[in-house]
Amino acid sequence: MLKSISKTFLLIPVVFLLGSCWELEQEVLDGITPEDVANSNNPALIDVLKASAYSRIVGSWGGHNSIWSIYEVSSDEMAIPQKGADWEDGGLWLRMHRHTWQPSDEAFNNSWAYCYTAIGEINNLIVSYRDVEALTAELRVLRALIYSWLIDSFGNVPIVTEDDLEGNPTNNSRQEVFDFIERSVLENVDLLPKSDTKTTLNYYSAHAILAKLYLNAEVYTGTARWADAKAAADVVISGPYSLSANFFSNFATRNGGSTENILTLPYDENNAQGFNLVQMTLHYLSQNTYNLQEQPWNGYASLEEFYNSFDDNDVRKNSFIVGPQFAADGTRLNDISAEANDPDGPPLTFTPEINMLAPNAFRQAGARVGKFEFASGAASSLNNDYPLFRLADMYLTKAEAAFRLGQTSEALTALNMVRTRAGMPAFTTVTLDTIFEERGREMFAEASRRTDQIRFGKWNQPWWEKGQSQPFRALFPIPLQQINANPNLTQNPGY
Amino acid sequence: MSVGEKLIIAKLNLILHLRFEIKYSYLFRFFKTKNPMRNYLQQLKSLMLVMALVFGASLVANAQSRTITGTVLDASLGDPVPGATVLVKGTTRGVATDLDGKFTLEIQSGDRVLVVSFVGYLTKEVEIGNQSTFTINLEEDIQSLEEAVVIGYGSQDKKEITSAVVGVKPEDFNRGNVANPTQLLQGKVAGLSITRAGGNPNGGFDIRLRGLSTFGANSSPLIVLDGVIGASLDNVDPNDIQSIDVLKDGSAAAIYGARGSSGVILITTTKKGTREPSTTVSINSFATLDQATNLIPILSPEEFVARGGQDFGSRTDWRQELIDDALSYTTNASVSGSFNSTTYMASVNYRDNNGIVNGVGNERLNTRINLSQSAINNRLRMNVNLSFTNVDSESINDAAFRYATIYNPTAPIFENTEDANQRFGGYFQRDLFDFYNPVALANQQKFVNEIKSALTSYRAEFDILPNLTASAQYSQDRRNELIGGFWSIQDFQVGLGARGSAERITNDRQQKIFESTLRYETEVMDGLNMTLLGGVAFQSTKNQGFGARVRQYLFDLGWNNLGAGAIRLGNNTNLYSYANEDQLNSAFGRANFNYRNLFFLSASVRAETYSGFGENNQTGVFPAFSVGSDFTQIFDMGVFSQFKPRVSYGVTGNLPPSPTLALGVFGNGNRIDLDGDPLTTDDIYVGIVQNSNPNRFLKWETKKEFNVGVDYAMFDGKVNGSVDYYVRNISDLLFNVPVSGGPNIFDPGRFNTVGSTWVNLADLRAAGFEFAIGVARIGKGTLKWSPNFNFTIYDKTTIESLSAGGLGFDELRFATPGSPGQNNNPIIYNRVGQTLGDFYGPRLLGISEAGEYILSTTNPDEFERLGNGLPQGEFGFANGFEYGQWSLNVFLRGAWGHDLYNSYRGFYENGDAPSNTWNSVITEKTPTSPLITSTPTFNSSYVEDASFIRLDNMELGYNFKTNSPNLSSFRVYFAAQNLFTITNYSGIDPEVRVRDLENNDPFTTSLSPGIERRNTYFQTRSFTLGLSLNFK
C-alpha cells in the first residue's frame, strides 16, 4: 500500500506537467467574438450590424462635451456662462466661447474619437461584407457623412478606408478629404434606395451631404462649387419631403413622422440615449416645470444679440425659453439662491440679457434653448429625433447658392419658402447678410451656425464677450491626445 | 483572542504536552514520531537531556551534600515553568521542575552555579552561594520563537532567508477593534503601507508594498491564505491568525510569478501542533465605543447668515443630527486540541460593528475548522481547512457626509408644508443646485451588501523517503455578494424624478486551484545542505453575476419587490448579467542551499501560461536569485550574534484586468428596431459593438527588483532587525491607451472601433530604504520595555516612460475637484520624467485687497508642480511594557512628506456670493482678512503638507492569577484607537491617500493620489473594553 501511495504522489505532478496544455484558449462567456459574427447565419445579422454602425453616430452627438457642444458654444448663438464656481470647469467653455481653446481641451478629443471609432466600425464591416454591394455602398456614404463633419471641424484629417490596413494614418489635405467625400457619395449614391427613410441614408440624404459639401467648397478647397451645391439641393428638394406647416413639429418629442426631416439621429430615452439638451440648458428649478426625472444643469443659454435677431412675430422666436417660469401646477418658481444683485430677484425669470460670461453670471440669465420639445416627465436623455438634414436647410442652401450664382429671383423664392412658413413677410430683396441671418434663425441649435459664420466671413469678428480671433481658429486643433497616440499626425497651422 | 493569550495558550500546550510525555511515553514516542518541525526536535532533545539528568542525578545521590529548593518562573507572566532543567554547572547532575515549577536538588560542596534552561527561554546561570531557596525567572528567547518564517510553498529558518521577508506574530499585531486582517499589520512592516481614511467600518484598506507597482487593479499585494493563492480576505478573521509573513522583494515573490508584482502577504491560520492529548477553549469578547472626531470647523448659523447666507429661521447642527456614538461587539471563541494522530482547531468569530452614522455598519460571522490527521507513522499527513463567513453590511450615500458639513445651518430638518409632506416625506428640501438635506439623504437611500464566503482546502503530504515529500492541495474559494440599493419615492436626490427606485445585484466569484509539489532535502556534500522544490499548479477563476434595477413605485417596497417598479427601461433602470472564466497553468521550482549556516543561496523560477494573455504571448517566465552570508560564522563580530548581508534579484508579473482583453469581444449596443415600428416586436434586436480593440500581443506586466539588505542580531538576539535597500523597474504596464482612428496594429486586418486599446507600455522606477529594529524586554525588575521601530524612506516612483511603440502619453492628467464648477481642470499630472501623481496648478501668489486670488497663471500648460500625494517616508513605533501582571502596548504611526488636496477648503471657504448657498469651512488655514471673494479655483493654497504622527492604538491589559484547575488564564484589557494625531493638515484625516475615492476605474485611480474628497467618512476614535479567558 505504501508503495502505491508513493507512486500516486509521484505521478500527480509528473502527469500534470506532461499532460497539461501549455496553450490555453480563452473562452468568451458573455460576449460575441469576431469569429461568432463571421459564422452566424442569422438573416437579421447584417441589418443589425448596419444599425449598430448607425448607432455610433447617434451616440454622443447631442450630449454635453460633444461635437454639438463645440459647434454651438464656439459660435455666436450659444454660450455657457459661469455662475460662480458652477460651470467654471477649468475654463474650457469660456475658452470655447472666446476662441482661445487649446489642443488639449477634452471636447475636441471626444469629437474626434466619436468620428473615428465609427469609421473604424464601418471599415471593419466593409472588410467583412465586401460582396454585399448595397450594404457597402450605404456604409461608404455613411463614412462620407462622418468625414463631412471632420473636414468642417478639423480640416486636414487622415482618410482611413477599408484598404488602409497598415500603420498609423497620416494627415490628408482638406482638398483630398473633400475629393474623398465627393467620390464616396457619387460612386455609391445610385445604389441607395430612393425612399424616405429618415434614420438610414438614402439617395436624397446622400445628396444632402453633397449639397452641404459643395456649399462650403470654397472654404474647404478654395474653389467655389455653388452650381453643384444648388443642383444637389435640388435633388433633395425633388424628393419625398415637404415643409411642415408647424415649424416645431420637426423638433417635437414624437417627430419621427416629420415630412421635413431628411436624416435624423433617432434618439430614444431608453434605447438610444445621448441627447441631453434638456439637462444642458434648463435651470435647476425647471425640473418642476417639466416634471423632469433629473435636476437640470443650468448651462447652455443663447446670446442676447442672437436672440434679438428674431422678430417678435417670427414663430421661430419660440425656439427660446424666456420670461417667468412656472411649476407644472402653475405656481411661480422661486430661486431662493438668486444673487442678491439680480434685478429679477428670486422669482425665476429667464432674461435674454446675460450680465456677464464669467465669473458671476446670474443663475437665471440667458434665453434657454427651447427649440426641441421637452416632454413632461422627460428623462435626461430625450426622445426627440435630431435632424442632421432638414428640407428647410436645403431650401436655404439652394437660396444661397443661387444668390451667389447671381440667380436672385430663384434665391428669393427658395428663401421665402422658409421665411413665410415662420409667419414672416416674404423678402423682396436679398443680400448675403439676409441669407446669413435667415439661416441663423432657421437653423438655431442645429450645429450650423459655426459653419455659416465661417462661410460668410464673420467667424473671427468680435461679439459679446469675445474679441477678434485669429484666422487659424476657423479650424479646430487636432486633439493633443490624438497627436500623442499617433506621431504621424501634424497639428493644424497656428496651434 | 489577544496576542498575550495566544502566548499563554502556546505555553500551556507545551506544558500539558510535557507532562504527558514525561509521565507516559516519552522514549517510545521519540522513536515513533518524527516531525520535521525544528522546534519540536529541539524540544525532544531537551527532554532527552532531562531524562538523562534524572537518571544521572539518582546515581550520584549518595555523595556529601545539602538540599536546595527553588521555583522557576516565567519572567514576564510570573507563571511557573514546569519541566525546566536545573543543572549544576560543569556536571551532569540536575533535575527537572515539577508542575508547579518547583525543584529540589542535592548539591555538593564544590558546586558554584546552577544552569537553568527550557526550550523557548534563554538559559540562565545562577550563583548558588549560601542560598538554599531560589526563585529563578526565565526570559523568553524571542529569537527562537521567531525562527520559522513562512515563504511561498513552505517555511524556512529565519537564519537561512536571503530575501526581504518579514514575519509578524500575534504579539506584534495592532490592538483594539481590528476587524480586517491587514489592519493587524498597519505600520508594523517597513515598506508596507496600509491606509484607510476616515472611520468607515465597511471601508476596505488600501495596501501598498514598497509603493505602486502597477497602474492596475492588482496594486494590493497578493494574499495567500494557508497556501491558497488569491484567497479572499473575507475568509479569515483576525482572531484566527497565527502569523502573517510579508514577501517584500521580487526574489521572494517570484515564486508567485505573474501575480507577485505587488508583493505577497502570506497568512497562516492557527493550527495546533502535533502535541498529544489536550483541549484548550479560548473566549475573547470585547465592546467598542466609536466617536466622531476631528470634524472640520464650519460657520455657526449666525456667522453663516452674517456672511450672506440665506436664513431659513432654524438652527441645525447637521453633523450632530447625522452622527451618534456607536457601540460594537465582538466575540471570538475557539476550541483546539489533539487526540491520537488528530489535531483540530475550531473557531467562531462574531463581530457586530456599527458606524458613527445610523445605517452604517456590518455584522459578521466567521467559522473555521482546521483539521489535521497523520497516518502511517506520520509519513502521510492530511489536512482540511474549512472556513465560512457571512458579512451583512449596510451603508448610506456617502454624500451625506459632505452635505452634513455644508448644508445650510439655518434650515430645519423637517418643515410642515404641504409641498414638503407630499414630495419629500416632510423633509426640508429646496430646488438648489447640489443641495440635499443630509438627514433625508441618509434616511431615504439605503444600500445593503451581503457577502457569503467559503474557503475549503484539502491537502495531503506524503514522505516518500524521509527526505522526499510529495504534496497535493486542492482548494476552492467561493464568494457570493448580494447587493441591494433603494431610493425612496420621496428621496430628492434620485428618487423624486425616478419616482422611487430599487436594485438587486449579485456577484459570484469562484476560484479553484490544484497544486502539487515535490520537495527533496539532502546534504550534497559535507556541510552543504540542499532543498529542492518543484511543482505544478492549475487554477481557474470564474466570475459571474447579474443585476436589475427598476423605478417608479407606488409604495416604497425597495429591492424586496422589483416587480412593483413600473419602469424597467431607461434612466435609473438596469438589467444585465455577465460571466467570465480564466485559466492559469503554472510550473515552478526552487533550490535552496545552506553551507554550514554560513552561506545561503536560493534560486527559483516560475512559468505561467494564462488564457487571458494574447495568443502571441501566452507564457511568461519569472526567475529569481538570492544569496546571503552570516558573517558572525566567519569573524568574531563582538556584540553581533547575526550579521547577514544578502543580495537578491527577482522578476515578477501582473495579470491583465480582464481575461478577454486580448480578443475583440462584442458587447451590447443600442436596442434596434429594424423597421422602426414599435408595434412589430419580432424585428427588435440588441445591436453589437466591440467593447475593446483586441490586442493579440497583450502580456503580463514585468517588475524587476534588486534588493540588498542586512539581517542583524545583537546581544544574543536581544536586539535584532534588518536594513534593506531596493530598486525596482517596472515595465510593460497594462494600460488602456488612446489609439488614433485607423488600423489596429495589435490585430492586423481590423480597425480600431474604440478610442483606446489595452496595451503594455510605460516604465516606472522606484527605490526605497527600509530599516527595522526590535529590542526584547529591557528594563529593571519586573518592568520590561520592548520597543520595535521601523521606518521606510521612499525614493518615489518616477515615470520613465508612458509609451511603447509610438503609442502612449507624454503626460496623463487626472482628478478634477468636481462639481460645482471644477469638472474640467485635472489637478494631478503624471509627467514623464517626474514622480507619479504630482499636483499641478496655479500658485497662489497672494490675495488682493478685494479678496481676489492673485494666481501665477490661468493657463493649464503653465501650471507648476505643487506637491505630491505619496509619502516620502512612513514609520511605526511599537512599545510593549510589562509590569507584573500588567501589560501596556502603545503604537505610534506616521508618514511624512506627502501632500493632500483639502477639498473642503478648495470648495467651501471662499466668501463669494454664489458660494453662500452652502455653509463654509473655516480652518486655521482659511484666509479671513480679507476673505477670498473669488470663485473657488484650484491653486497651491489647497495643497497642504499632511505629514502626521498618530497614536494609532494602545492597550492596557491585566492578567489575573488563577488557581482554578480549569481556567488557565483570565485577562481584562482596555484599548484605544486613534487617540491623537499631530499634524498641520487642516482637513479631515491626514492619512496618505494612495488612490482617488471618486475614481472607480482601477486603472487610473492610483494615478491620482493625495486627494481628500468631500465625501470622506468622518474620522473616529474608538475605545474598547474586553476580556479573554482560556480554559484547559
# chains A, B, ... in the order shown; residues from 1 in each chain; ligands from 1
$ interface_residues --of "chain B" --to "chain A" --cutoff "6 Å" --atoms "only C-alpha atoms" --output "JSON, numbers by chain"
{"B": [431, 464, 470, 497, 498, 516, 569, 570, 578, 579, 580, 611, 665, 666, 667, 670, 671, 687, 738, 739, 740, 741, 742, 743, 749, 750, 751, 752, 753, 754, 755, 807, 808, 809, 820, 821, 822, 823, 824, 825, 914, 935, 936]}
$ residues_around --residues "Gly406 of chain A" --least-positions-apart "4" --cutoff "12 Å" --atoms "only C-alpha atoms" --output "PyMOL selection string"
chain A and resi 226-227+399-402+410-412+430-432
$ residues_around --residues "segment 453-458 of chain B" --least-positions-apart "5" --cutoff "12 Å" --atoms "only C-alpha atoms" --output "ChimeraX atom specification"
/B:225-236,364-373,381-392,471-482,507-516
$ write_last_selection --atoms "C-alpha atoms" --output "mmCIF file, in the first residue's frame"
data_model
loop_
_atom_site.group_PDB
_atom_site.id
_atom_site.type_symbol
_atom_site.label_atom_id
_atom_site.label_comp_id
_atom_site.auth_asym_id
_atom_site.auth_seq_id
_atom_site.Cartn_x
_atom_site.Cartn_y
_atom_site.Cartn_z
ATOM 1 C CA LEU B 225 -4.150 32.223 2.876
ATOM 2 C CA ASP B 226 -2.927 28.884 4.204
ATOM 3 C CA GLY B 227 -1.353 28.228 0.838
ATOM 4 C CA VAL B 228 -4.389 29.263 -1.175
ATOM 5 C CA ILE B 229 -3.277 31.848 -3.697
ATOM 6 C CA GLY B 230 -5.507 34.836 -4.199
ATOM 7 C CA ALA B 231 -7.971 33.857 -1.490
ATOM 8 C CA SER B 232 -10.452 36.458 -0.394
ATOM 9 C CA LEU B 233 -9.618 38.175 2.881
ATOM 10 C CA ASP B 234 -13.238 37.687 3.884
ATOM 11 C CA ASN B 235 -12.309 34.116 4.661
ATOM 12 C CA VAL B 236 -10.240 34.821 7.698
ATOM 13 C CA ARG B 364 -20.045 39.295 10.511
ATOM 14 C CA LEU B 365 -19.995 35.641 11.437
ATOM 15 C CA ASN B 366 -16.968 33.567 10.607
ATOM 16 C CA THR B 367 -16.496 29.887 11.331
ATOM 17 C CA ARG B 368 -13.329 27.938 10.815
ATOM 18 C CA ILE B 369 -12.360 24.334 11.211
ATOM 19 C CA ASN B 370 -8.777 23.240 10.714
ATOM 20 C CA LEU B 371 -8.360 19.513 10.969
ATOM 21 C CA SER B 372 -5.154 17.511 10.586
ATOM 22 C CA GLN B 373 -4.688 13.804 10.597
ATOM 23 C CA ARG B 381 -0.341 13.904 6.690
ATOM 24 C CA MET B 382 -3.751 15.153 5.707
ATOM 25 C CA ASN B 383 -5.259 18.483 6.412
ATOM 26 C CA VAL B 384 -8.653 20.027 5.837
ATOM 27 C CA ASN B 385 -9.304 23.737 6.307
ATOM 28 C CA LEU B 386 -12.859 24.963 6.108
ATOM 29 C CA SER B 387 -13.991 28.471 6.659
ATOM 30 C CA PHE B 388 -17.360 30.089 6.164
ATOM 31 C CA THR B 389 -18.128 33.732 6.521
ATOM 32 C CA ASN B 390 -21.264 35.809 6.332
ATOM 33 C CA VAL B 391 -20.954 39.555 6.276
ATOM 34 C CA ASP B 392 -24.091 41.626 6.193
ATOM 35 C CA SER B 471 2.114 17.040 -1.591
ATOM 36 C CA ALA B 472 -1.151 17.789 -3.295
ATOM 37 C CA GLN B 473 -3.565 20.552 -2.447
ATOM 38 C CA TYR B 474 -6.954 21.397 -3.838
ATOM 39 C CA SER B 475 -8.825 24.477 -2.808
ATOM 40 C CA GLN B 476 -12.000 26.186 -3.704
ATOM 41 C CA ASP B 477 -12.699 29.771 -2.767
ATOM 42 C CA ARG B 478 -16.224 30.937 -3.319
ATOM 43 C CA ARG B 479 -17.537 34.387 -2.672
ATOM 44 C CA ASN B 480 -21.057 35.482 -3.325
ATOM 45 C CA GLU B 481 -22.159 39.038 -2.956
ATOM 46 C CA LEU B 482 -25.764 40.169 -2.919
ATOM 47 C CA ASN B 507 -21.572 38.961 -7.932
ATOM 48 C CA ASP B 508 -20.210 35.479 -7.672
ATOM 49 C CA ARG B 509 -16.576 34.524 -7.742
ATOM 50 C CA GLN B 510 -15.253 31.022 -7.691
ATOM 51 C CA GLN B 511 -11.628 30.095 -7.766
ATOM 52 C CA LYS B 512 -10.313 26.564 -7.923
ATOM 53 C CA ILE B 513 -6.674 25.690 -7.532
ATOM 54 C CA PHE B 514 -4.939 22.383 -7.705
ATOM 55 C CA GLU B 515 -1.301 22.309 -6.759
ATOM 56 C CA SER B 516 1.175 19.557 -6.369
#
$ residues_around --residues "Phe839 of chain B" --least-positions-apart "2" --cutoff "9 Å" --atoms "only C-alpha atoms" --output "PDB file with N, CA and C atoms, in the first residue's frame"
ATOM      1  N   ILE B 827      -6.100  68.046 -11.644  1.00  0.00           N
ATOM      2  CA  ILE B 827      -5.106  68.644 -10.753  1.00  0.00           C
ATOM      3  C   ILE B 827      -3.893  67.737 -10.571  1.00  0.00           C
ATOM      4  N   ILE B 828      -3.971  66.519 -11.093  1.00  0.00           N
ATOM      5  CA  ILE B 828      -2.824  65.621 -10.999  1.00  0.00           C
ATOM      6  C   ILE B 828      -2.273  65.409 -12.408  1.00  0.00           C
ATOM      7  N   TYR B 829      -1.005  65.715 -12.578  1.00  0.00           N
ATOM      8  CA  TYR B 829      -0.345  65.472 -13.859  1.00  0.00           C
ATOM      9  C   TYR B 829       0.699  64.373 -13.641  1.00  0.00           C
ATOM     10  N   ASN B 830       0.559  63.303 -14.399  1.00  0.00           N
ATOM     11  CA  ASN B 830       1.607  62.286 -14.374  1.00  0.00           C
ATOM     12  C   ASN B 830       2.483  62.531 -15.591  1.00  0.00           C
ATOM     13  N   GLY B 837       1.975  61.020  -9.811  1.00  0.00           N
ATOM     14  CA  GLY B 837       0.940  61.650  -9.008  1.00  0.00           C
ATOM     15  C   GLY B 837       1.250  63.051  -8.528  1.00  0.00           C
ATOM     16  N   GLY B 841      -0.924  72.993 -10.720  1.00  0.00           N
ATOM     17  CA  GLY B 841      -1.945  74.021 -10.713  1.00  0.00           C
ATOM     18  C   GLY B 841      -1.285  75.368 -10.616  1.00  0.00           C
ATOM     19  N   GLU B 864       2.343  74.907 -12.312  1.00  0.00           N
ATOM     20  CA  GLU B 864       3.562  74.460 -11.642  1.00  0.00           C
ATOM     21  C   GLU B 864       3.284  73.202 -10.834  1.00  0.00           C
ATOM     22  N   ARG B 865       4.350  72.501 -10.541  1.00  0.00           N
ATOM     23  CA  ARG B 865       4.240  71.353  -9.654  1.00  0.00           C
ATOM     24  C   ARG B 865       4.026  71.879  -8.236  1.00  0.00           C
ATOM     25  N   LEU B 866       2.933  71.443  -7.616  1.00  0.00           N
ATOM     26  CA  LEU B 866       2.562  71.988  -6.311  1.00  0.00           C
ATOM     27  C   LEU B 866       2.777  71.004  -5.169  1.00  0.00           C
ATOM     28  N   GLY B 867       3.088  69.774  -5.511  1.00  0.00           N
ATOM     29  CA  GLY B 867       3.274  68.809  -4.429  1.00  0.00           C
ATOM     30  C   GLY B 867       3.045  67.405  -4.936  1.00  0.00           C
ATOM     31  N   ASN B 868       3.007  66.484  -3.998  1.00  0.00           N
ATOM     32  CA  ASN B 868       2.813  65.094  -4.364  1.00  0.00           C
ATOM     33  C   ASN B 868       2.113  64.390  -3.201  1.00  0.00           C
ATOM     34  N   GLY B 869       1.161  63.550  -3.542  1.00  0.00           N
ATOM     35  CA  GLY B 869       0.327  62.933  -2.517  1.00  0.00           C
ATOM     36  C   GLY B 869       0.922  61.702  -1.863  1.00  0.00           C
ATOM     37  N   ASP B 899       1.476  65.311   0.510  1.00  0.00           N
ATOM     38  CA  ASP B 899       0.537  66.420   0.484  1.00  0.00           C
ATOM     39  C   ASP B 899      -0.870  65.890   0.269  1.00  0.00           C
ATOM     40  N   TYR B 901      -4.764  67.377  -1.112  1.00  0.00           N
ATOM     41  CA  TYR B 901      -5.644  68.442  -1.567  1.00  0.00           C
ATOM     42  C   TYR B 901      -6.846  68.442  -0.644  1.00  0.00           C
ATOM     43  N   SER B 940      -2.381  76.448  -5.305  1.00  0.00           N
ATOM     44  CA  SER B 940      -1.406  75.867  -4.376  1.00  0.00           C
ATOM     45  C   SER B 940      -1.851  75.915  -2.922  1.00  0.00           C
ATOM     46  N   VAL B 943      -3.288  72.723  -1.422  1.00  0.00           N
ATOM     47  CA  VAL B 943      -2.441  71.534  -1.328  1.00  0.00           C
ATOM     48  C   VAL B 943      -1.618  71.679  -0.063  1.00  0.00           C
ATOM     49  N   SER B1008      -3.942  59.094  -9.240  1.00  0.00           N
ATOM     50  CA  SER B1008      -4.291  60.383  -8.645  1.00  0.00           C
ATOM     51  C   SER B1008      -4.361  60.261  -7.129  1.00  0.00           C
ATOM     52  N   GLY B1010      -3.483  61.445  -3.133  1.00  0.00           N
ATOM     53  CA  GLY B1010      -3.354  62.698  -2.390  1.00  0.00           C
ATOM     54  C   GLY B1010      -4.562  63.606  -2.407  1.00  0.00           C
TER      55      GLY B1010
END
$ atom_distance --atom1 "atom CA of Asn744 of chain B" --atom2 "atom CA of Arg696 of chain B"
10.3 Å
$ residues_around --residues "Ser887 of chain B" --least-positions-apart "6" --cutoff "6 Å" --atoms "only C-alpha atoms" --output "list in words"
Phe881, Leu956 and Gly957 of chain B
$ write_last_selection --atoms "N, CA and C atoms" --output "PDB file, in the first residue's frame"
ATOM      1  N   PHE B 881       5.105  47.326  27.139  1.00  0.00           N
ATOM      2  CA  PHE B 881       5.572  47.428  28.520  1.00  0.00           C
ATOM      3  C   PHE B 881       4.946  46.294  29.316  1.00  0.00           C
ATOM      4  N   LEU B 956      -4.082  48.522  27.401  1.00  0.00           N
ATOM      5  CA  LEU B 956      -3.660  48.238  28.764  1.00  0.00           C
ATOM      6  C   LEU B 956      -4.351  46.943  29.179  1.00  0.00           C
ATOM      7  N   GLY B 957      -3.564  45.973  29.609  1.00  0.00           N
ATOM      8  CA  GLY B 957      -4.168  44.693  29.963  1.00  0.00           C
ATOM      9  C   GLY B 957      -3.711  44.218  31.330  1.00  0.00           C
TER      10      GLY B 957
END
$ select_by_dssp --residues "segment 70-298 of chain A" --states "alpha helix (DSSP H)" --output "ChimeraX atom specification"
/A:70-73,92-98,106-128,133-153,174-188,203-215,217-221,226-237,277-281,287-290
$ atom_distance --atom1 "atom CA of Leu322 of chain B" --atom2 "atom CA of Glu394 of chain B"
15.5 Å
$ residues_around --residues "Trp459 of chain A" --least-positions-apart "6" --cutoff "9 Å" --atoms "only C-alpha atoms" --output "ChimeraX atom specification"
/A:75-76,450-453,468-469,471,473-474
$ write_last_selection --atoms "N, CA and C atoms" --output "PDB file, in the first residue's frame"
ATOM      1  N   SER A  75     -19.793  79.288 -31.488  1.00  0.00           N
ATOM      2  CA  SER A  75     -20.476  80.207 -32.401  1.00  0.00           C
ATOM      3  C   SER A  75     -21.096  81.352 -31.604  1.00  0.00           C
ATOM      4  N   ASP A  76     -21.751  82.246 -32.288  1.00  0.00           N
ATOM      5  CA  ASP A  76     -22.334  83.401 -31.594  1.00  0.00           C
ATOM      6  C   ASP A  76     -23.783  83.149 -31.190  1.00  0.00           C
ATOM      7  N   ARG A 450     -21.720  77.776 -36.751  1.00  0.00           N
ATOM      8  CA  ARG A 450     -20.271  77.926 -36.887  1.00  0.00           C
ATOM      9  C   ARG A 450     -19.862  77.876 -38.353  1.00  0.00           C
ATOM     10  N   THR A 451     -20.346  76.853 -39.047  1.00  0.00           N
ATOM     11  CA  THR A 451     -20.006  76.690 -40.458  1.00  0.00           C
ATOM     12  C   THR A 451     -20.466  77.908 -41.256  1.00  0.00           C
ATOM     13  N   ASP A 452     -21.665  78.399 -40.934  1.00  0.00           N
ATOM     14  CA  ASP A 452     -22.194  79.563 -41.647  1.00  0.00           C
ATOM     15  C   ASP A 452     -21.340  80.798 -41.374  1.00  0.00           C
ATOM     16  N   GLN A 453     -20.996  80.995 -40.129  1.00  0.00           N
ATOM     17  CA  GLN A 453     -20.198  82.176 -39.787  1.00  0.00           C
ATOM     18  C   GLN A 453     -18.868  82.157 -40.526  1.00  0.00           C
ATOM     19  N   GLN A 468     -11.796  89.889 -31.372  1.00  0.00           N
ATOM     20  CA  GLN A 468     -11.403  89.434 -32.707  1.00  0.00           C
ATOM     21  C   GLN A 468     -10.537  88.192 -32.543  1.00  0.00           C
ATOM     22  N   SER A 469     -10.829  87.130 -33.296  1.00  0.00           N
ATOM     23  CA  SER A 469      -9.985  85.941 -33.173  1.00  0.00           C
ATOM     24  C   SER A 469      -9.145  85.770 -34.429  1.00  0.00           C
ATOM     25  N   PRO A 471      -7.369  84.102 -37.684  1.00  0.00           N
ATOM     26  CA  PRO A 471      -7.982  83.316 -38.768  1.00  0.00           C
ATOM     27  C   PRO A 471      -7.805  81.805 -38.590  1.00  0.00           C
ATOM     28  N   ARG A 473      -8.256  80.044 -36.247  1.00  0.00           N
ATOM     29  CA  ARG A 473      -9.287  79.461 -35.378  1.00  0.00           C
ATOM     30  C   ARG A 473     -10.474  78.938 -36.172  1.00  0.00           C
ATOM     31  N   ALA A 474     -10.446  79.145 -37.476  1.00  0.00           N
ATOM     32  CA  ALA A 474     -11.522  78.595 -38.304  1.00  0.00           C
ATOM     33  C   ALA A 474     -11.440  77.072 -38.377  1.00  0.00           C
TER      34      ALA A 474
END
$ residues_around --residues "Phe456 of chain A" --least-positions-apart "6" --cutoff "12 Å" --atoms "only C-alpha atoms" --output "CSV table (one decimal) with N, CA and C atoms, in the first residue's frame"
chain,number,residue,atom,x,y,z
A,215,LEU,N,-21.6,73.5,-50.9
A,215,LEU,CA,-21.9,74.9,-50.4
A,215,LEU,C,-20.6,75.5,-49.7
A,216,ASN,N,-19.9,74.6,-49.0
A,216,ASN,CA,-18.7,75.1,-48.3
A,216,ASN,C,-17.4,74.8,-49.0
A,218,GLU,N,-15.7,76.4,-51.1
A,218,GLU,CA,-14.7,77.5,-51.2
A,218,GLU,C,-13.9,77.5,-49.9
A,219,VAL,N,-14.6,77.3,-48.8
A,219,VAL,CA,-13.9,77.3,-47.5
A,219,VAL,C,-12.9,76.1,-47.5
A,400,GLU,N,-28.9,80.3,-51.1
A,400,GLU,CA,-27.6,80.9,-51.0
A,400,GLU,C,-26.8,80.6,-52.3
A,404,ARG,N,-25.5,83.4,-54.9
A,404,ARG,CA,-24.0,83.6,-55.2
A,404,ARG,C,-23.8,83.4,-56.7
A,431,THR,N,-29.8,90.0,-49.7
A,431,THR,CA,-28.3,90.2,-49.7
A,431,THR,C,-27.7,89.0,-49.1
A,432,LEU,N,-26.4,88.9,-49.1
A,432,LEU,CA,-25.8,87.8,-48.4
A,432,LEU,C,-26.1,87.8,-46.9
A,433,ASP,N,-26.2,89.0,-46.3
A,433,ASP,CA,-26.5,89.1,-44.9
A,433,ASP,C,-27.9,88.6,-44.6
A,434,THR,N,-28.8,89.0,-45.5
A,434,THR,CA,-30.2,88.5,-45.3
A,434,THR,C,-30.2,86.9,-45.2
A,435,ILE,N,-29.4,86.3,-46.1
A,435,ILE,CA,-29.4,84.9,-46.1
A,435,ILE,C,-28.8,84.3,-44.9
A,436,PHE,N,-27.6,85.0,-44.5
A,436,PHE,CA,-26.9,84.6,-43.3
A,436,PHE,C,-27.8,84.7,-42.1
A,437,GLU,N,-28.6,85.8,-41.9
A,437,GLU,CA,-29.4,86.0,-40.8
A,437,GLU,C,-30.6,85.0,-40.8
A,439,ARG,N,-30.6,82.1,-42.1
A,439,ARG,CA,-30.1,80.8,-41.8
A,439,ARG,C,-30.0,80.7,-40.2
A,440,GLY,N,-29.5,81.8,-39.7
A,440,GLY,CA,-29.3,81.8,-38.2
A,440,GLY,C,-30.7,81.5,-37.5
A,449,ARG,N,-24.4,77.1,-37.2
A,449,ARG,CA,-24.0,78.5,-37.1
A,449,ARG,C,-22.5,78.7,-37.4
A,450,ARG,N,-21.7,77.8,-36.8
A,450,ARG,CA,-20.3,77.9,-36.9
A,450,ARG,C,-19.9,77.9,-38.4
A,474,ALA,N,-10.4,79.1,-37.5
A,474,ALA,CA,-11.5,78.6,-38.3
A,474,ALA,C,-11.4,77.1,-38.4
$ closest_residue --among "B:Gly94, B:Gly873, B:Gly198, B:Pro1009" --to "Leu295 of chain B" --atoms "only C-alpha atoms"
B:Gly198
$ atom_distance --atom1 "atom CA of Ser848 of chain B" --atom2 "atom CA of Ser929 of chain B"
10.5 Å
